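One file, run17.txt, carrying compact mmCIF, C-alpha atoms:
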# COMPACT_ATOMS: atom_id res chain seq x y z
CA MET A 854 13.77 21.29 17.24
CA LEU A 855 11.18 18.52 17.20
CA THR A 856 11.39 15.66 19.69
CA CYS A 857 11.36 12.02 18.61
CA LYS A 858 7.90 11.68 20.10
CA GLU A 859 6.60 14.56 17.98
CA VAL A 860 8.29 13.24 14.86
CA ALA A 861 6.80 9.78 15.39
CA ARG A 862 3.36 11.29 15.82
CA MET A 863 3.62 13.39 12.66
CA VAL A 864 5.04 10.58 10.56
CA SER A 865 2.14 8.42 11.67
CA GLU A 866 -0.38 11.18 10.93
CA SER A 867 1.07 11.61 7.45
CA TYR A 868 -0.93 8.47 6.61
CA ASP A 869 -4.13 10.18 7.74
CA ARG A 870 -3.73 13.80 6.68
CA PRO A 871 -1.45 15.87 4.47
CA LEU A 872 1.35 17.40 6.53
CA ALA A 873 2.08 21.12 6.38
CA TRP A 874 5.36 22.06 4.73
CA ARG A 875 6.73 23.27 8.09
CA GLU A 876 6.04 19.85 9.55
CA ARG A 877 7.70 18.12 6.62
CA ILE A 878 10.80 20.30 6.93
CA GLY A 879 10.90 19.76 10.69
CA ILE A 880 10.82 15.99 10.14
CA ARG A 881 13.55 16.16 7.46
CA LEU A 882 15.86 18.14 9.74
CA HIS A 883 15.25 15.76 12.61
CA LEU A 884 15.90 12.68 10.47
CA LEU A 885 19.29 14.07 9.43
CA HIS A 886 20.68 13.36 12.86
CA CYS A 887 18.32 10.73 14.33
CA ARG A 888 18.81 7.20 13.09
CA PHE A 889 16.12 5.81 15.40
CA CYS A 890 13.44 8.00 13.88
CA ALA A 891 14.76 7.23 10.40
CA ARG A 892 14.31 3.59 11.26
CA PHE A 893 10.81 4.28 12.57
CA VAL A 894 9.89 5.98 9.28
CA ARG A 895 11.08 2.97 7.25
CA GLN A 896 9.29 0.53 9.52
CA LEU A 897 5.99 2.39 9.36
CA ARG A 898 6.26 2.46 5.58
CA PHE A 899 6.82 -1.29 5.66
CA LEU A 900 3.89 -1.78 8.04
CA HIS A 901 1.64 0.29 5.81
CA ALA A 902 2.59 -1.74 2.73
CA CYS A 903 1.94 -4.98 4.65
CA LEU A 904 -1.49 -3.82 5.71
CA ARG A 905 -2.43 -2.80 2.19
CA ARG A 906 -1.52 -6.24 0.93
CA PHE A 907 -3.27 -7.88 3.88
CA ALA A 908 -6.46 -5.93 3.12
CA GLN A 909 -6.25 -6.62 -0.61
CA ASP A 910 -5.82 -10.34 -0.08
CA TYR A 911 -8.79 -10.35 2.20
CA ALA A 912 -10.90 -8.27 -0.18
CA GLU A 913 -10.12 -10.69 -2.99
CA LYS A 914 -11.08 -13.65 -0.88
CA ALA A 915 -14.31 -11.95 0.22
CA SER A 916 -15.20 -10.92 -3.34
CA ARG A 917 -15.33 -14.59 -4.32
CA ALA A 918 -17.67 -15.44 -1.44
CA ARG A 919 -21.16 -16.63 -2.35
CA LEU A 920 -24.25 -17.04 -0.25
CA THR A 921 -24.85 -20.69 0.51
CA ALA A 922 -28.08 -22.21 -0.78
CA ALA A 923 -29.30 -22.56 2.80
CA ALA A 924 -28.61 -18.91 3.61
CA ARG A 925 -30.24 -17.84 0.37
CA ALA A 926 -33.38 -19.83 1.16
CA ARG A 927 -33.50 -18.48 4.69
CA ILE A 928 -33.20 -14.89 3.48
CA ALA A 929 -35.76 -15.39 0.72
CA ASN A 930 -38.15 -16.71 3.34
CA ALA A 931 -37.67 -13.71 5.59
CA LEU A 932 -38.31 -11.12 2.89
CA PRO A 933 -41.68 -9.38 2.75
CA ARG A 934 -43.93 -10.28 -0.15
CA PRO A 935 -44.78 -7.28 -2.28
CA MET B 447 -43.71 -0.86 -7.06
CA ASP B 448 -46.89 0.02 -8.95
CA ASP B 449 -46.71 3.62 -7.86
CA ASP B 450 -43.45 3.96 -9.76
CA SER B 451 -44.62 2.89 -13.19
CA GLU B 452 -45.93 6.26 -14.29
CA ALA B 453 -43.22 8.37 -12.74
CA ASP B 454 -40.43 6.29 -14.24
CA ALA B 455 -40.86 7.66 -17.72
CA ALA B 456 -40.52 11.21 -16.46
CA ARG B 457 -37.41 10.51 -14.37
CA PRO B 458 -33.97 10.99 -15.79
CA GLY B 459 -32.62 8.28 -13.50
CA ARG B 460 -32.98 4.56 -13.35
CA ALA B 461 -35.81 2.44 -12.04
CA LEU B 462 -35.72 -0.41 -9.60
CA SER B 463 -36.30 -3.97 -10.66
CA GLU B 464 -38.86 -6.10 -8.87
CA PRO B 465 -37.87 -6.60 -5.20
CA GLU B 466 -38.22 -10.37 -5.47
CA THR B 467 -35.32 -10.38 -7.94
CA TRP B 468 -32.94 -8.42 -5.69
CA LEU B 469 -31.69 -11.40 -3.76
CA GLU B 470 -30.99 -13.24 -6.99
CA ARG B 471 -29.27 -10.30 -8.68
CA HIS B 472 -27.41 -8.67 -5.80
CA GLY B 473 -27.35 -11.16 -2.94
CA ASP B 474 -23.81 -12.37 -3.57
CA ALA B 475 -22.43 -8.86 -4.05
CA LEU B 476 -24.05 -7.67 -0.83
CA TYR B 477 -22.84 -10.75 0.97
CA ALA B 478 -19.27 -10.33 -0.31
CA TYR B 479 -19.11 -6.74 0.90
CA ALA B 480 -20.72 -7.58 4.25
CA LEU B 481 -18.29 -10.45 4.73
CA PHE B 482 -15.33 -8.23 3.84
CA ARG B 483 -16.36 -5.77 6.53
CA THR B 484 -17.53 -8.14 9.27
CA ARG B 485 -15.24 -11.16 8.70
CA ASP B 486 -18.16 -13.18 10.05
CA THR B 487 -20.34 -15.32 7.76
CA ALA B 488 -23.40 -15.44 10.03
CA ALA B 489 -23.33 -11.68 10.61
CA ALA B 490 -22.87 -11.07 6.89
CA GLU B 491 -25.91 -13.22 6.03
CA ASP B 492 -28.03 -11.37 8.58
CA LEU B 493 -26.89 -8.04 7.14
CA VAL B 494 -27.92 -9.08 3.62
CA GLN B 495 -31.35 -9.95 4.93
CA ASP B 496 -31.68 -6.70 6.92
CA THR B 497 -30.54 -4.72 3.91
CA LEU B 498 -33.08 -6.28 1.56
CA ILE B 499 -35.89 -5.74 4.04
CA ALA B 500 -34.88 -2.12 4.58
CA ALA B 501 -34.59 -1.62 0.83
CA PHE B 502 -38.06 -3.04 0.33
CA GLN B 503 -39.46 -0.60 2.86
CA ALA B 504 -37.56 2.32 1.33
CA ARG B 505 -38.18 1.41 -2.32
CA GLY B 506 -40.53 4.37 -2.77
CA ARG B 507 -37.68 6.76 -1.98
CA PHE B 508 -35.27 5.42 -4.60
CA ALA B 509 -34.36 8.52 -6.59
CA GLY B 510 -32.81 6.79 -9.56
CA LEU B 511 -29.60 8.76 -9.21
CA SER B 512 -27.48 5.65 -8.79
CA SER B 513 -27.77 2.08 -9.94
CA GLU B 514 -29.87 -0.35 -7.98
CA ARG B 515 -26.70 -2.14 -6.82
CA THR B 516 -25.12 1.09 -5.54
CA TRP B 517 -28.33 1.99 -3.75
CA LEU B 518 -28.45 -1.39 -2.04
CA ILE B 519 -24.78 -1.17 -1.03
CA ALA B 520 -25.45 2.26 0.49
CA ILE B 521 -28.22 0.73 2.60
CA LEU B 522 -25.89 -2.10 3.59
CA LYS B 523 -23.24 0.42 4.66
CA ASN B 524 -25.78 2.00 6.97
CA LYS B 525 -26.59 -1.41 8.42
CA LEU B 526 -22.86 -1.98 8.89
CA LYS B 527 -22.62 1.25 10.85
CA ASP B 528 -25.22 -0.08 13.28
CA TYR B 529 -23.44 -3.43 13.33
CA VAL B 530 -20.07 -1.90 14.27
CA ARG B 531 -21.69 0.20 16.99
CA ARG B 532 -23.49 -2.85 18.34
CA CYS B 533 -20.18 -4.74 18.48
CA MET B 534 -18.65 -1.81 20.34
CA ARG B 535 -21.45 -1.77 22.90
CA GLU B 536 -20.91 -5.45 23.47
CA ARG B 537 -17.38 -4.81 24.59
CA PRO B 538 -17.70 -1.66 26.66
CA LEU B 539 -14.66 -0.03 28.15
CA PRO B 540 -13.94 2.09 31.16
CA ASP B 541 -14.29 5.72 30.13
CA THR B 542 -10.61 6.18 30.80
CA SER B 543 -9.71 4.15 27.72
CA LEU B 544 -8.45 7.19 25.81
CA GLU B 545 -6.06 7.96 28.65
CA THR B 546 -4.88 4.40 29.09
CA ASP B 547 -3.64 2.04 26.37
CA ASP B 548 -1.14 4.71 25.41
CA PRO B 549 2.08 3.20 24.07
CA GLU B 550 3.62 6.68 23.86
CA ALA B 551 3.96 6.74 27.63
CA GLU B 552 6.15 3.63 27.57
CA LEU B 553 8.09 4.38 24.41
CA PHE B 554 9.24 7.94 25.12
CA ASP B 555 10.84 9.69 28.08
CA ALA B 556 9.62 12.97 29.56
CA ALA B 557 11.76 14.96 27.13
CA GLY B 558 10.22 13.16 24.13
CA GLY B 559 13.22 10.96 23.34
CA TRP B 560 13.05 7.23 22.63
CA LEU B 561 13.06 5.10 25.79
CA HIS B 562 12.91 1.95 23.69
CA PRO B 563 14.25 2.90 20.28
CA PRO B 564 13.11 0.83 17.29
CA SER B 565 15.62 -1.92 16.67
CA ALA B 566 17.04 -2.66 13.24
CA TRP B 567 14.85 -5.05 11.26
CA ASP B 568 16.73 -7.60 9.26
CA ARG B 569 15.60 -7.82 5.63
CA PRO B 570 11.89 -7.15 6.20
CA ASP B 571 11.08 -7.85 2.54
CA THR B 572 11.81 -11.54 2.95
CA ALA B 573 9.13 -11.69 5.66
CA LEU B 574 6.44 -10.99 3.07
CA GLU B 575 6.99 -14.39 1.49
CA GLN B 576 6.51 -16.29 4.72
CA ARG B 577 3.10 -17.46 5.78
CA GLN B 578 4.02 -17.25 9.46
CA PHE B 579 4.76 -13.56 9.07
CA TRP B 580 1.18 -12.88 7.97
CA GLU B 581 -0.08 -14.93 10.87
CA ALA B 582 2.06 -12.84 13.21
CA LEU B 583 0.61 -9.66 11.69
CA ALA B 584 -2.94 -10.99 12.10
CA ALA B 585 -2.20 -11.87 15.71
CA CYS B 586 -0.82 -8.38 16.32
CA LEU B 587 -3.98 -6.86 14.82
CA ARG B 588 -6.15 -9.03 17.07
CA GLY B 589 -4.09 -7.93 20.07
CA LEU B 590 -4.82 -4.22 19.67
CA PRO B 591 -6.90 -2.60 22.42
CA PRO B 592 -10.58 -2.49 21.30
CA ARG B 593 -10.98 1.21 20.46
CA GLN B 594 -7.70 1.28 18.55
CA SER B 595 -8.63 -1.91 16.78
CA GLU B 596 -12.02 -0.57 15.68
CA ALA B 597 -10.55 2.68 14.37
CA PHE B 598 -7.64 0.98 12.68
CA THR B 599 -9.78 -1.70 11.04
CA LEU B 600 -12.22 0.83 9.60
CA CYS B 601 -9.52 3.11 8.21
CA GLU B 602 -6.68 0.81 7.23
CA LEU B 603 -8.37 -2.46 6.36
CA ASP B 604 -11.93 -1.54 5.36
CA GLY B 605 -10.75 1.50 3.43
CA LEU B 606 -13.25 3.99 4.87
CA ASP B 607 -12.24 7.63 4.89
CA ALA B 608 -11.66 9.47 8.16
CA GLY B 609 -15.04 11.19 8.02
CA GLU B 610 -16.95 7.90 7.73
CA ALA B 611 -14.90 6.33 10.52
CA CYS B 612 -15.46 9.31 12.84
CA ASN B 613 -19.17 9.10 12.11
CA ILE B 614 -19.37 5.40 12.95
CA LEU B 615 -17.21 5.67 16.06
CA ARG B 616 -18.77 8.99 17.11
CA ILE B 617 -15.41 10.62 17.78
CA ALA B 618 -13.65 13.77 16.57
CA ALA B 619 -11.03 13.65 13.84
CA THR B 620 -8.24 14.46 16.30
CA ASN B 621 -9.24 11.55 18.52
CA LEU B 622 -9.33 9.25 15.53
CA ARG B 623 -5.75 10.24 14.69
CA VAL B 624 -4.64 9.56 18.24
CA LEU B 625 -6.17 6.08 18.08
CA LEU B 626 -4.59 5.35 14.69
CA HIS B 627 -1.19 6.58 15.86
CA ARG B 628 -1.34 4.40 18.97
CA ALA B 629 -2.40 1.43 16.89
CA ARG B 630 0.60 1.92 14.58
CA LEU B 631 2.98 2.24 17.52
CA GLY B 632 1.51 -0.91 19.02
CA LEU B 633 1.62 -2.89 15.78
CA ARG B 634 5.19 -1.83 15.04
CA GLN B 635 6.21 -2.89 18.51
CA CYS B 636 4.30 -6.16 18.29
CA LEU B 637 5.86 -7.10 14.95
CA GLU B 638 9.26 -6.29 16.33
CA VAL B 639 8.77 -8.60 19.30
CA ARG B 640 6.97 -11.36 17.45
CA TRP B 641 8.93 -11.41 14.27
CA PHE B 642 11.99 -9.25 14.03
CA ALA B 643 13.43 -9.53 17.51
CA PRO B 644 16.72 -11.41 17.55
CA GLY B 645 17.19 -14.05 20.22
CA PRO B 646 14.89 -16.76 21.58
CA GLU B 647 11.77 -14.61 21.26
CA GLY B 648 12.28 -14.07 17.55
CA ARG B 649 11.18 -16.45 14.84
CA ARG B 650 14.58 -16.69 13.23

Will you turn the file into structure tokens for me?
Amino acid sequence: MLTCKEVARMVSESYDRPLAWRERIGIRLHLLHCRFCARFVRQLRFLHACLRRFAQDYAEKASRARLTAAARARIANALPRP
Amino acid sequence: MDDDSEADAARPGRALSEPETWLERHGDALYAYALFRTRDTAAAEDLVQDTLIAAFQARGRFAGLSSERTWLIAILKNKLKDYVRRCMRERPLPDTSLETDDPEAELFDAAGGWLHPPSAWDRPDTALEQRQFWEALAACLRGLPPRQSEAFTLCELDGLDAGEACNILRIAATNLRVLLHRARLGLRQCLEVRWFAPGPEGRR
């Protein structure tokens, strides 16, 4: 039987690598009788969704960013002349 | 660029435009990506400049396999790798950092059971609509230990794959996973304390 610590580690790693079917079954069995780990699974899913939205919001903001005229002039000045 | 004029016709790929037009054509796109990754306007401007200079020096090696924009972004990504490593050097850590900063040691007992089980979160979905929740999340991200923060930012916010992150951080894939796992444990815990905890510590 997997410990809570092992389950937490695997659930977390499921965001970084595909889990083997044995690992997935082990987690399922553990979650049947462990409400704390079930909670942990839901909370990590929530955290992951939050971070995706956080990153998207930031990416959108950054994608609208433009070089200021001053920065543009400074960079143009620093470039080598062909 | 003169050396390219004859070869261009024979190449299946694309040719580069004149270097003096690069800033005009691609400056904003390079800047936007650099800003997304660095979250620092001054650093992003410097990276655009470094990228254009490096591109000018490497223009003879442009193979025409990708668009000019893609080629420039690839150079920028290399510059960003150096940038991240430089930032890491500027906040060096004791070499024990992989052994310390381990939330697992506090969260679980010797038998692997929860010492501090996750508490029930009340209606987390409503948090998403509150500005203060996002500020709490940002504060939790800032509070991560440096190595965890670097790994987590690259993988979860910047959207790099594990291979790229390992390459930048110069660590093995297993170590990257350990850092990401610890970061998740820490963030979960931090959100619980800062946002979801009932009582005087909680926001509600």

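Checking A:Arg888, A:Leu900, A:Arg934, A:Ala912 one by one against Glu638 of chain B, counting only C-alpha atoms, you find the shortest gap at A:Leu900.
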
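Separating atom CA of Thr487 of chain B from atom CA of Pro592 of chain B is a distance of 21.1 Å.
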
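Compared by their closest atoms to Ser916 of chain A, and using only C-alpha atoms, the residues B:Leu469, B:Leu462, B:Ala480, B:Leu561 rank with B:Ala480 nearest.
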
query: Which residue, B:Val530, B:Val494, B:Ala619, B:Ile521, has the smallest gap to Ala478 of chain B when you use only C-alpha atoms?
result: B:Val494

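Our summary of the geometry notes that atom CA of Gly559 of chain B is positioned 27.5 Å from atom CA of Glu602 of chain B.
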
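Comparing the minimum interatomic distances between chain B and each of A:Ala873, A:Phe893, A:Ala926, A:Arg881, counting only C-alpha atoms, we find that A:Phe893 sits nearest.
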